[in-house]
Structures are given as structure tokens and as C-alpha cells.
file my_file_8.txt (compact mmCIF, C-alpha atoms)
# COMPACT_ATOMS: atom_id res chain seq x y z
CA MET A 1 -17.84 21.57 9.30
CA SER A 2 -16.43 18.10 8.80
CA GLU A 3 -13.79 16.81 11.16
CA PHE A 4 -10.82 14.52 10.56
CA ILE A 5 -8.88 12.40 13.03
CA THR A 6 -5.22 11.96 12.08
CA ILE A 7 -3.60 8.69 13.21
CA GLN A 8 0.21 8.69 13.18
CA VAL A 9 1.82 5.24 13.55
CA GLY A 10 5.52 4.44 13.89
CA GLN A 11 8.61 6.56 13.47
CA CYS A 12 7.87 7.48 9.86
CA GLY A 13 4.22 8.35 10.51
CA ASN A 14 5.07 10.57 13.47
CA GLN A 15 7.92 12.27 11.62
CA ILE A 16 5.51 13.06 8.77
CA GLY A 17 3.09 14.37 11.38
CA GLY A 18 5.88 16.51 12.81
CA ALA A 19 6.13 18.22 9.41
CA LEU A 20 2.37 18.22 8.70
CA TRP A 21 1.07 19.98 11.79
CA PRO A 22 3.21 23.13 11.39
CA ARG A 23 1.83 23.35 7.81
CA ILE A 24 -1.74 23.01 9.11
CA LEU A 25 -1.11 25.66 11.75
CA ASN A 26 0.43 27.93 9.11
CA GLU A 27 -2.64 27.56 6.90
CA TYR A 28 -4.81 28.78 9.74
CA GLY A 29 -2.45 31.66 10.50
CA VAL A 30 -1.21 30.25 13.80
CA SER A 31 2.42 31.15 14.48
CA LEU A 32 4.85 28.76 16.18
CA THR A 33 6.46 31.73 17.93
CA ALA A 34 5.11 34.22 20.42
CA ASN A 35 5.07 37.05 17.87
CA ASN A 36 2.63 36.86 14.97
CA THR A 37 2.49 39.55 12.32
CA LYS A 38 0.31 37.59 9.89
CA THR A 39 -2.92 39.02 8.62
CA SER A 40 -6.17 37.30 9.52
CA ASN A 41 -7.39 34.50 7.27
CA SER A 42 -10.58 34.27 5.26
CA SER A 43 -13.79 33.49 7.13
CA SER A 44 -13.98 30.08 5.43
CA LEU A 45 -10.58 29.14 6.86
CA GLU A 46 -11.58 30.42 10.29
CA GLN A 47 -14.79 28.38 10.23
CA SER A 48 -12.97 25.20 9.23
CA PHE A 49 -10.53 25.35 12.15
CA SER A 50 -12.41 22.60 13.98
CA SER A 51 -11.70 20.19 11.10
CA PHE A 52 -8.28 19.50 12.60
CA PHE A 53 -8.59 20.89 16.14
CA HIS A 54 -10.91 20.33 19.08
CA VAL A 55 -11.93 23.67 20.59
CA PRO A 56 -13.82 23.69 23.93
CA ASN A 57 -17.34 25.09 23.56
CA SER A 58 -16.59 28.10 25.74
CA LYS A 59 -13.68 29.12 23.46
CA GLN A 60 -15.41 28.79 20.08
CA GLU A 61 -15.40 32.53 19.39
CA HIS A 62 -11.69 33.06 20.15
CA SER A 63 -9.22 34.05 17.44
CA PHE A 64 -6.07 31.95 17.64
CA ARG A 65 -2.79 33.46 16.44
CA THR A 66 -0.04 31.65 18.38
CA LEU A 67 0.59 28.29 20.03
CA GLN A 68 0.26 30.09 23.35
CA ASP A 69 -3.30 31.05 22.39
CA LEU A 70 -4.10 27.39 21.69
CA ALA A 71 -2.56 26.24 24.96
CA SER A 72 -4.37 28.84 27.07
CA CYS A 73 -7.71 27.80 25.55
CA LYS A 74 -6.90 24.07 25.84
CA VAL A 75 -7.22 23.51 22.09
CA LYS A 76 -5.97 20.06 21.01
CA ALA A 77 -5.10 18.57 17.63
CA ARG A 78 -7.44 15.81 16.49
CA ALA A 79 -4.56 13.35 16.41
CA ILE A 80 -3.59 9.96 17.81
CA CYS A 81 0.16 9.31 17.98
CA ILE A 82 1.27 5.67 18.23
CA ASP A 83 4.82 4.38 18.35
CA MET A 84 6.31 1.34 20.03
CA GLU A 85 9.53 3.32 20.40
CA ASP A 86 8.78 6.56 22.23
CA SER A 87 11.64 8.78 21.01
CA VAL A 88 9.68 10.60 18.26
CA VAL A 89 6.41 10.91 20.18
CA ALA A 90 8.37 12.21 23.20
CA ARG A 91 9.30 15.29 21.16
CA TYR A 92 5.63 16.26 21.06
CA ARG A 93 5.71 16.52 24.86
CA THR A 94 8.77 18.78 25.02
CA GLY A 95 9.35 20.28 21.54
CA THR A 96 7.90 23.19 19.59
CA LEU A 97 4.44 21.59 19.44
CA LYS A 98 4.35 20.97 23.20
CA GLY A 99 0.79 20.96 24.51
CA LEU A 100 -0.87 20.62 21.09
CA PHE A 101 -1.50 16.87 21.45
CA ASP A 102 -3.83 15.26 23.97
CA GLU A 103 -1.91 13.04 26.42
CA LYS A 104 -4.81 10.57 26.32
CA CYS A 105 -4.06 10.00 22.63
CA LEU A 106 -0.34 9.21 22.88
CA VAL A 107 0.43 5.47 22.83
CA THR A 108 4.06 4.39 23.32
CA ASN A 109 6.07 1.36 24.37
CA TYR A 110 9.67 0.27 24.79
CA PRO A 111 11.36 -1.46 23.08
CA GLY A 112 9.91 -1.07 19.59
CA SER A 113 8.83 -3.57 16.94
CA GLY A 114 12.40 -4.28 15.82
CA ASN A 115 11.76 -3.41 12.17
CA ASN A 116 9.55 -6.50 12.02
CA TRP A 117 6.03 -6.47 10.52
CA ALA A 118 5.08 -9.64 12.41
CA GLU A 119 6.05 -8.09 15.74
CA GLY A 120 3.92 -5.00 15.07
CA PHE A 121 0.88 -6.84 13.69
CA CYS A 122 0.83 -10.12 15.64
CA GLU A 123 2.22 -9.00 18.99
CA HIS A 124 1.77 -5.28 19.59
CA GLY A 125 -1.55 -5.11 17.75
CA PRO A 126 -3.51 -7.44 20.08
CA GLN A 127 -1.55 -6.21 23.09
CA TYR A 128 -2.45 -2.54 22.55
CA GLN A 129 -5.83 -2.95 20.85
CA GLU A 130 -7.89 -1.88 23.86
CA LYS A 131 -5.73 1.19 24.50
CA ILE A 132 -5.86 2.22 20.84
CA LEU A 133 -9.64 1.73 20.71
CA ASN A 134 -10.00 3.89 23.83
CA CYS A 135 -7.99 6.64 22.09
CA LEU A 136 -10.25 6.33 19.06
CA ARG A 137 -13.43 6.52 21.16
CA HIS A 138 -12.09 9.55 23.03
CA SER A 139 -11.30 11.35 19.76
CA VAL A 140 -14.55 10.35 18.02
CA GLU A 141 -16.69 11.49 20.96
CA ARG A 142 -15.16 14.96 20.64
CA CYS A 143 -16.35 15.27 17.03
CA ASP A 144 -19.70 16.71 15.98
CA SER A 145 -19.47 15.58 12.34
CA LEU A 146 -16.70 13.04 11.86
CA HIS A 147 -15.76 12.80 8.19
CA GLY A 148 -12.97 10.25 8.32
CA PHE A 149 -9.54 9.14 9.47
CA LEU A 150 -6.20 10.18 7.98
CA MET A 151 -3.55 7.47 8.46
CA LEU A 152 0.16 8.31 8.40
CA PHE A 153 2.41 5.24 8.44
CA SER A 154 5.12 3.49 6.45
CA THR A 155 4.68 0.32 4.38
CA GLY A 156 8.02 -1.06 5.57
CA GLY A 157 9.57 -1.64 8.96
CA GLY A 158 7.78 -2.83 12.08
CA THR A 159 5.45 -0.49 13.95
CA GLY A 160 4.36 1.60 10.97
CA SER A 161 3.61 -1.27 8.60
CA GLY A 162 2.66 -3.97 11.11
CA LEU A 163 0.77 -2.05 13.79
CA GLY A 164 -0.43 0.39 11.11
CA THR A 165 -2.09 -2.51 9.28
CA TYR A 166 -3.63 -3.68 12.55
CA VAL A 167 -5.06 -0.21 13.20
CA LEU A 168 -6.56 -0.15 9.69
CA ASN A 169 -8.31 -3.44 10.48
CA CYS A 170 -9.65 -1.93 13.71
CA LEU A 171 -11.03 1.08 11.82
CA SER A 172 -12.67 -1.25 9.32
CA ASP A 173 -14.27 -3.30 12.10
CA PHE A 174 -15.37 -0.57 14.51
CA TYR A 175 -15.83 2.49 12.23
CA PRO A 176 -16.82 1.06 8.83
CA LYS A 177 -18.83 4.12 7.80
CA THR A 178 -18.47 7.84 8.37
CA GLU A 179 -20.75 10.75 7.26
CA SER A 180 -20.54 12.55 3.62
CA GLY A 181 -19.04 16.25 3.99
CA SER A 182 -16.13 18.74 3.12
CA ARG A 183 -13.82 21.04 5.01
CA PHE A 184 -15.05 24.00 2.96
CA PRO A 185 -18.48 24.78 1.48
CA GLY A 186 -19.09 24.85 -2.27
CA ALA A 187 -21.16 23.11 -4.93
CA LEU A 188 -18.09 21.74 -6.74
CA ASN A 189 -16.01 21.08 -3.64
CA PHE A 190 -14.52 17.63 -3.22
CA ASP A 191 -15.73 15.13 -0.66
CA MET A 192 -13.14 12.57 0.43
CA ASN A 193 -15.73 9.80 0.23
CA GLU A 194 -15.86 10.48 -3.51
CA ILE A 195 -12.30 9.17 -3.89
CA ASN A 196 -13.47 5.60 -3.36
CA THR A 197 -16.59 6.10 -5.48
CA ASN A 198 -14.88 7.70 -8.47
CA MET A 199 -11.32 6.39 -8.36
CA VAL A 200 -11.82 2.63 -7.82
CA PRO A 201 -13.38 1.09 -10.95
CA PHE A 202 -13.12 -2.54 -9.78
CA PRO A 203 -12.68 -4.22 -6.37
CA LYS A 204 -9.09 -4.38 -5.07
CA MET A 205 -7.90 -1.79 -7.63
CA SER A 206 -7.66 0.96 -5.03
CA PHE A 207 -4.01 2.00 -5.44
CA LEU A 208 -3.67 5.63 -6.44
CA SER A 209 -0.81 7.82 -7.60
CA SER A 210 -0.96 11.29 -6.08
CA SER A 211 1.07 14.26 -7.26
CA PHE A 212 2.59 17.31 -5.71
CA ASN A 213 3.70 20.60 -7.19
CA HIS A 214 5.98 23.25 -5.80
CA LEU A 215 4.38 25.83 -3.56
CA VAL A 216 4.13 29.24 -5.19
CA THR A 217 3.65 32.40 -3.13
CA ALA A 218 0.96 34.94 -3.86
CA ASN A 219 3.70 37.44 -4.80
CA SER A 220 4.93 35.32 -7.73
CA LYS A 221 5.68 37.38 -10.85
CA ILE A 222 4.44 34.63 -13.19
CA SER A 223 1.15 35.47 -14.87
CA SER A 224 -1.90 33.72 -13.45
CA LYS A 225 -2.64 31.83 -16.68
CA ARG A 226 0.94 30.60 -17.09
CA LEU A 227 1.16 29.62 -13.43
CA LYS A 228 -2.00 27.53 -13.68
CA GLU A 229 -0.67 25.82 -16.81
CA GLU A 230 2.63 25.00 -15.11
CA LEU A 231 0.83 23.56 -12.09
CA PHE A 232 -1.23 21.32 -14.36
CA PHE A 233 1.78 19.96 -16.24
CA ALA A 234 3.62 19.46 -12.93
CA CYS A 235 0.69 17.37 -11.65
CA CYS A 236 1.00 15.03 -14.63
CA ASN A 237 4.80 14.78 -14.59
CA ARG A 238 6.26 11.45 -13.45
CA SER A 239 8.88 13.30 -11.39
CA ASN A 240 6.15 14.76 -9.19
CA GLN A 241 4.32 11.52 -8.42
CA LEU A 242 4.58 10.30 -4.85
CA VAL A 243 4.90 6.69 -6.05
CA GLN A 244 7.16 5.49 -8.82
CA VAL A 245 4.74 5.44 -11.74
CA ASP A 246 4.33 7.52 -14.90
CA PRO A 247 0.60 8.23 -15.34
CA LEU A 248 1.05 9.40 -18.94
CA GLY A 249 3.79 6.92 -19.88
CA PRO A 250 3.58 4.58 -22.91
CA LYS A 251 2.60 1.57 -20.74
CA SER A 252 0.18 3.45 -18.56
CA VAL A 253 -3.57 3.31 -19.12
CA LEU A 254 -5.61 5.70 -16.98
CA LEU A 255 -8.56 3.97 -15.33
CA ALA A 256 -9.73 6.99 -13.32
CA SER A 257 -8.42 10.52 -12.77
CA THR A 258 -9.12 13.46 -10.51
CA LEU A 259 -8.08 17.11 -10.70
CA ILE A 260 -8.72 19.32 -7.66
CA GLY A 261 -8.14 23.07 -7.86
CA ARG A 262 -8.02 25.51 -4.95
CA GLY A 263 -8.17 29.27 -5.21
CA GLU A 264 -8.49 31.32 -8.39
CA TYR A 265 -9.62 28.51 -10.68
CA SER A 266 -12.76 28.53 -12.75
CA THR A 267 -14.80 25.62 -14.03
CA ALA A 268 -13.56 26.49 -17.53
CA ASP A 269 -9.92 26.23 -16.36
CA LEU A 270 -10.36 22.70 -15.05
CA GLN A 271 -12.44 21.61 -18.03
CA GLY A 272 -9.62 22.80 -20.27
CA TYR A 273 -7.07 20.74 -18.31
CA ILE A 274 -9.34 17.70 -18.48
CA GLY A 275 -9.47 18.11 -22.25
CA LYS A 276 -5.65 18.21 -22.42
CA LEU A 277 -5.39 15.17 -20.17
CA GLN A 278 -7.85 13.24 -22.34
CA ALA A 279 -5.89 14.19 -25.47
CA LYS A 280 -2.49 13.19 -24.07
CA GLY A 281 -3.24 10.16 -21.86
CA ARG A 282 -4.19 6.60 -22.75
CA PHE A 283 -7.58 5.43 -21.58
CA THR A 284 -9.81 2.40 -21.82
CA SER A 285 -12.95 2.77 -23.90
CA TRP A 286 -14.91 3.66 -20.77
CA SER A 287 -12.40 5.54 -18.59
CA LYS A 288 -11.90 8.61 -20.80
CA LYS A 289 -15.03 10.04 -19.27
CA ALA A 290 -14.02 8.94 -15.77
CA VAL A 291 -12.26 12.19 -14.87
CA LYS A 292 -13.44 13.82 -11.64
CA MET A 293 -13.20 17.57 -11.16
CA GLY A 294 -13.09 19.32 -7.79
CA LEU A 295 -13.10 23.07 -7.21
CA CYS A 296 -12.60 24.90 -3.91
CA ASN A 297 -12.48 28.68 -3.93
CA VAL A 298 -10.45 28.85 -0.68
CA PRO A 299 -6.71 28.87 -1.57
CA PRO A 300 -3.98 27.65 0.79
CA ASN A 301 -2.67 30.36 3.09
CA GLY A 302 -0.16 32.59 1.24
CA GLN A 303 -1.05 31.27 -2.23
CA ASN A 304 -3.49 32.22 -4.95
CA VAL A 305 -3.86 28.78 -6.53
CA ALA A 306 -2.96 25.14 -5.93
CA LEU A 307 -3.66 22.02 -7.98
CA PHE A 308 -3.70 18.40 -6.92
CA SER A 309 -4.20 15.25 -8.98
CA LEU A 310 -4.97 11.58 -8.40
CA PHE A 311 -4.52 8.80 -10.96
CA ASN A 312 -5.53 5.16 -10.94
CA THR A 313 -3.31 3.71 -13.63
CA THR A 314 -2.17 0.33 -14.93
CA GLY A 315 1.35 1.67 -14.35
CA MET A 316 0.89 0.26 -10.83
CA PHE A 317 1.60 -3.17 -12.35
CA GLY A 318 5.28 -2.32 -12.88
CA LEU A 319 5.66 -1.08 -9.30
CA PHE A 320 4.07 -4.22 -7.85
CA GLN A 321 6.05 -6.45 -10.21
CA HIS A 322 9.28 -4.94 -8.86
CA ILE A 323 8.15 -5.57 -5.27
CA ALA A 324 7.17 -9.18 -6.09
CA LYS A 325 10.56 -9.87 -7.69
CA GLN A 326 12.43 -8.48 -4.69
CA PHE A 327 10.35 -10.56 -2.30
CA SER A 328 10.73 -13.77 -4.34
CA SER A 329 14.50 -13.34 -4.52
CA LEU A 330 14.79 -13.05 -0.74
CA PHE A 331 12.21 -15.75 -0.02
CA ARG A 332 13.99 -18.34 -2.17
CA LYS A 333 17.07 -17.87 0.00
CA GLN A 334 14.97 -17.89 3.20
CA ALA A 335 16.62 -14.56 4.04
CA HIS A 336 15.28 -12.85 7.19
CA ILE A 337 12.49 -15.44 7.50
CA HIS A 338 13.47 -16.37 11.05
CA HIS A 339 12.65 -12.87 12.29
CA TYR A 340 9.01 -13.52 11.38
CA THR A 341 8.74 -17.18 12.38
CA ASN A 342 10.17 -16.34 15.82
CA VAL A 343 6.93 -14.46 16.53
CA SER A 344 4.67 -17.13 18.00
CA SER A 345 1.40 -16.13 16.33
CA PHE A 346 2.91 -15.64 12.86
CA GLU A 347 2.31 -18.48 10.38
CA MET A 348 4.33 -19.30 7.27
CA ASP A 349 1.09 -19.40 5.27
CA PHE A 350 0.94 -15.60 5.63
CA PHE A 351 3.78 -15.28 3.10
CA ASP A 352 1.88 -17.29 0.49
CA GLU A 353 -1.37 -15.43 1.14
CA CYS A 354 0.30 -12.04 0.77
CA LEU A 355 2.11 -12.99 -2.43
CA GLU A 356 -1.08 -14.45 -3.90
CA SER A 357 -2.99 -11.28 -3.01
CA LEU A 358 -0.30 -9.13 -4.66
CA ARG A 359 -0.30 -11.25 -7.81
CA ASP A 360 -4.08 -11.03 -7.99
CA VAL A 361 -3.92 -7.22 -7.96
CA MET A 362 -1.10 -7.28 -10.53
CA HIS A 363 -3.21 -9.47 -12.83
CA LYS A 364 -6.18 -7.11 -12.57
CA TYR A 365 -4.07 -4.10 -13.58
CA LYS A 366 -2.20 -5.96 -16.32
CA SER A 367 -5.41 -7.29 -17.88
CA LEU A 368 -6.60 -3.72 -18.51
CA GLU A 369 -3.45 -2.50 -20.29
CA ASN A 370 -4.63 -3.63 -23.75
CA VAL A 371 -8.35 -4.04 -23.22
CA GLY A 372 -10.40 -3.01 -26.23
CA PRO A 373 -13.96 -1.77 -26.54
CA GLN A 374 -16.63 -4.37 -25.97
CA THR A 375 -19.54 -4.64 -28.33
CA ILE A 376 -22.65 -5.86 -26.59
CA PRO A 377 -25.46 -6.70 -29.01
CA ARG A 378 -28.74 -4.99 -28.38
CA LEU A 379 -31.67 -7.11 -27.30
CA GLU A 380 -34.12 -7.72 -30.10
CA PRO A 381 -37.80 -7.79 -29.29
CA ARG A 382 -39.25 -11.28 -29.53
CA SER A 383 -42.43 -12.01 -31.43
CA CYS A 384 -45.45 -12.90 -29.40
CA ASP A 385 -46.56 -15.47 -32.01
call {"tool": "encode", "arguments": {"input": "my_file_8.txt", "output": "C-alpha cells"}}
result
Amino acid sequence: MSEFITIQVGQCGNQIGGALWPRILNEYGVSLTANNTKTSNSSSLEQSFSSFFHVPNSKQEHSFRTLQDLASCKVKARAICIDMEDSVVARYRTGTLKGLFDEKCLVTNYPGSGNNWAEGFCEHGPQYQEKILNCLRHSVERCDSLHGFLMLFSTGGGTGSGLGTYVLNCLSDFYPKTESGSRFPGALNFDMNEINTNMVPFPKMSFLSSSFNHLVTANSKISSKRLKEELFFACCNRSNQLVQVDPLGPKSVLLASTLIGRGEYSTADLQGYIGKLQAKGRFTSWSKKAVKMGLCNVPPNGQNVALFSLFNTTGMFGLFQHIAKQFSSLFRKQAHIHHYTNVSSFEMDFFDECLESLRDVMHKYKSLENVGPQTIPRLEPRSCD
């Protein structure tokens, strides 16, 4: 089975991790309390346990039902927790999840990055690079089939955005490629490497809108067909996007789309939803066919079905335009600039480079809003006379 290493950076990243790991444990039927009355999970879920957890070879056949079971068998989450302010990470040492995280993979400092990107990237990044790389090597060496890294960090603030960006650069330099694979078996199952292949039509246009829909228990009284329909419409609704874009809005052109179903979905179900998406959304002449379908027959624990969507849409232009306007307004007044320039290795040219990079991405998305079909004349055979 494929394995994933989760890297949590900064207060936001570690708080998200604090909510994520109980959900992961719940999916595998592991209770946070001493008493567990849950029924055993499917064999596919049991077999995929090592995707998120390192289990010593001598304990591979054990059945884990509580955190105490994990602790007694020395099972550790495949996670690296980094924060230049140790208050959130400290909770992992003493809180409910005590013992789940490997002490060798906890990186902390005091004081923090002071809500300053330059401090996190230019100062703490080089200072803690060796320690972070050692954590990465330790985690990678405990994997049999590493599939990739899952980064949890904020795009604002200091440690999350600054040191998070530095860690991304380290991953790009030292682990540029990982193996093809999935957490669960299946001919139509979705491989995370396919996201880049199918969802990024042109270089630099790698910004995706992901959706969420409300969790529905297996005991729901809604009919299966109606429930699936509601999940599909929820995935396309602007209110359920995790970034502020409307994938089916009047100014949105879909460049690539993905629908991933888990549980009691059939190929016909997803093909029907793709047809509805193609009928309702706006596409370029070539992107209407660029809709990826994934199907996994293993549902989340306690549910019969779940649906997830990804969209690469020109609606990203409006989001980036808003960010650019906010930045330009502050930059004209030189507001907060001194916090960055006080960091010795930060250069003023970084501001111009970042703004130019953002505008380049904005231009690429904007240029595809009204693109029409291109007619390329066929080559005519030339006479040999």
C-alpha cells in the first residue's frame, strides 16, 4: 500500500492536523477513549492502515482499536510537526493524541516567526534546514512505498507561509519524484500523481478549487439516488468551495475537472454527473472532455457514499486580482514594509518578483476566459514534380 507523510507547519497547519488525525483514526475504527464499541472495518481499510501510520514489523498482524493499542505497539503517525512557537505542538506531547507522534519529528523554537513571512523563509528556513531534512529522512526511511507528502500550512502569517514555502522548496530539491500508487486497490481508483497530470493544462496554472460536502451517516433516511444527486450538486456549489471561486459562475471557464466517488457509486453514476457538469458549465473548446473520473469502492467509515470534486477554473483570476489590489494598496503606502526589510537576508526585489509572478498567473487565467476554437489547416500533400 502507498504511504503518505504529512508535514504540518505553523500554528494553522498544526491546528488543522489536530482536527485531521482524529478523523483518520476514526476512519480506521480507532477510538480516542479506552472503550471501543465500534465494529471492525473492511479488510481494505485494515490493509491501508500503514498509509498514515508506521507499524513495527513485529506488530503487523495486530488489530488496533484504541490509542492505548497504538501506544503499546509503538505505532506512530507518519507526520512531521514544525512550529517556531511550540504551544500547539506541545499539546501533542500531553493531550489526547499523546504518544501518537514521533519525538524525532517534532521541530519547535521560541520565539516564533512574528507573523512575518521573511522571518520564516529567510531566517528560520536556513537555520532549521538540516533538522527538517533529518526528520524527512527519518520518515522516508520508514516507508516501503512512499507515495507523496501532504503539506498543511497557511498562506499568511510567518511560520506557516514563510517556513512552509521553504519546506516546499526542500521537498522539490531533495524529493522531486515519488512512486505512482493509491491507498486502496481498484482499476478506477484515483492516484494523487494524476492530479498534476490531468488538472494542470498549462505551466503555472496549478491552482485548484476543491469542494466539500456535509458528512451523511449510513443511517440517513434519504434515498440512495437522491443522496448521490445532492452530494453532486453540493460539490459544484460555490458555497462549498474551499477557496472563494464559483466554478459554474458566469465568468468561470472550466479548464479541467475531477469527480471522485467513494462507496456505493457506479461508473454510470459518475458518467451521469459528468454529463450534467458538461451541460451546465462553461468550457474551452478542448476542456469539455478534460473531466477526470475516480471511483473507489471503499466508503469512509460510517458512510455509504462520499463525493469530492476538483476544478481548475478561470475564476481564479478574480481571487488573485483581489489579492493583488490589496497588496498594491498597502505597498504604495509602504505599510508594514519595515518588518520585512529588517530581516537581513530579505531584499526589496522580492516584492517586485512576487507581484510579477502573480500578474503572470493572472494573465494566463484571464486569457482563457474568452478563448475560441482554433482552426488549424490540414497539411496538404506536396507534388513530387
call {"tool": "atom_distance", "arguments": {"input": "my_file_8.txt", "atom1": "atom CA of A:Thr314", "atom2": "atom CA of A:Leu259"}}
result
18.3 Å
call {"tool": "residues_around", "arguments": {"input": "my_file_8.txt", "residues": "stretch 269-281 of chain A", "least_positions_apart": "2", "cutoff": "9 Å", "atoms": "only C-alpha atoms", "output": "list in words"}}
result
Lys228, Glu229, Phe232, Cys236, Pro247, Leu248, Gly249, Pro250, Ser252, Val253, Leu254, Leu259, Ile260, Gly261, Tyr265, Ser266, Thr267, Phe283, Lys288, Lys289, Val291, Lys292, Met293, Gly294 and Leu295 of chain A
call {"tool": "closest_residue", "arguments": {"input": "my_file_8.txt", "among": "A:Ser239, A:Leu32, A:Leu208, A:Phe351", "to": "A:Gln334", "atoms": "only C-alpha atoms"}}
result
A:Phe351
call {"tool": "atom_distance", "arguments": {"input": "my_file_8.txt", "atom1": "atom CA of A:Asn297", "atom2": "atom CA of A:Ser31"}}
result
23.8 Å
call {"tool": "residues_near_point", "arguments": {"input": "my_file_8.txt", "point": "(4.7, 28.1, 9.8)", "cutoff": "12 Å", "atoms": "only C-alpha atoms", "output": "PDB file with C-alpha atoms, in the frame of the given file"}}
result
ATOM      1  CA  ALA A  19       6.130  18.220   9.410  1.00  0.00           C
ATOM      2  CA  LEU A  20       2.370  18.220   8.700  1.00  0.00           C
ATOM      3  CA  TRP A  21       1.070  19.980  11.790  1.00  0.00           C
ATOM      4  CA  PRO A  22       3.210  23.130  11.390  1.00  0.00           C
ATOM      5  CA  ARG A  23       1.830  23.350   7.810  1.00  0.00           C
ATOM      6  CA  ILE A  24      -1.740  23.010   9.110  1.00  0.00           C
ATOM      7  CA  LEU A  25      -1.110  25.660  11.750  1.00  0.00           C
ATOM      8  CA  ASN A  26       0.430  27.930   9.110  1.00  0.00           C
ATOM      9  CA  GLU A  27      -2.640  27.560   6.900  1.00  0.00           C
ATOM     10  CA  TYR A  28      -4.810  28.780   9.740  1.00  0.00           C
ATOM     11  CA  GLY A  29      -2.450  31.660  10.500  1.00  0.00           C
ATOM     12  CA  VAL A  30      -1.210  30.250  13.800  1.00  0.00           C
ATOM     13  CA  SER A  31       2.420  31.150  14.480  1.00  0.00           C
ATOM     14  CA  LEU A  32       4.850  28.760  16.180  1.00  0.00           C
ATOM     15  CA  THR A  33       6.460  31.730  17.930  1.00  0.00           C
ATOM     16  CA  ASN A  36       2.630  36.860  14.970  1.00  0.00           C
ATOM     17  CA  THR A  37       2.490  39.550  12.320  1.00  0.00           C
ATOM     18  CA  LYS A  38       0.310  37.590   9.890  1.00  0.00           C
ATOM     19  CA  ARG A  65      -2.790  33.460  16.440  1.00  0.00           C
ATOM     20  CA  THR A  66      -0.040  31.650  18.380  1.00  0.00           C
ATOM     21  CA  LEU A  67       0.590  28.290  20.030  1.00  0.00           C
ATOM     22  CA  THR A  96       7.900  23.190  19.590  1.00  0.00           C
ATOM     23  CA  LEU A  97       4.440  21.590  19.440  1.00  0.00           C
ATOM     24  CA  ASN A 301      -2.670  30.360   3.090  1.00  0.00           C
ATOM     25  CA  GLY A 302      -0.160  32.590   1.240  1.00  0.00           C
TER      26      GLY A 302
END
call {"tool": "closest_residue", "arguments": {"input": "my_file_8.txt", "among": "A:Leu152, A:Ala324, A:Val55, A:Val107", "to": "A:Ile16", "atoms": "all atoms listed in the file"}}
result
A:Leu152
call {"tool": "residues_around", "arguments": {"input": "my_file_8.txt", "residues": "stretch 191-196 of chain A", "least_positions_apart": "3", "cutoff": "7 Å", "atoms": "only C-alpha atoms", "output": "ChimeraX atom specification"}}
result
/A:180-182,199-200
call {"tool": "closest_residue", "arguments": {"input": "my_file_8.txt", "among": "A:Thr341, A:Gly18, A:Leu379, A:Ala290", "to": "A:Tyr92", "atoms": "all atoms listed in the file"}}
result
A:Gly18
call {"tool": "closest_residue", "arguments": {"input": "my_file_8.txt", "among": "A:Asn57, A:Asn14, A:Ser2, A:Ser357", "to": "A:Asp86", "atoms": "all atoms listed in the file"}}
result
A:Asn14
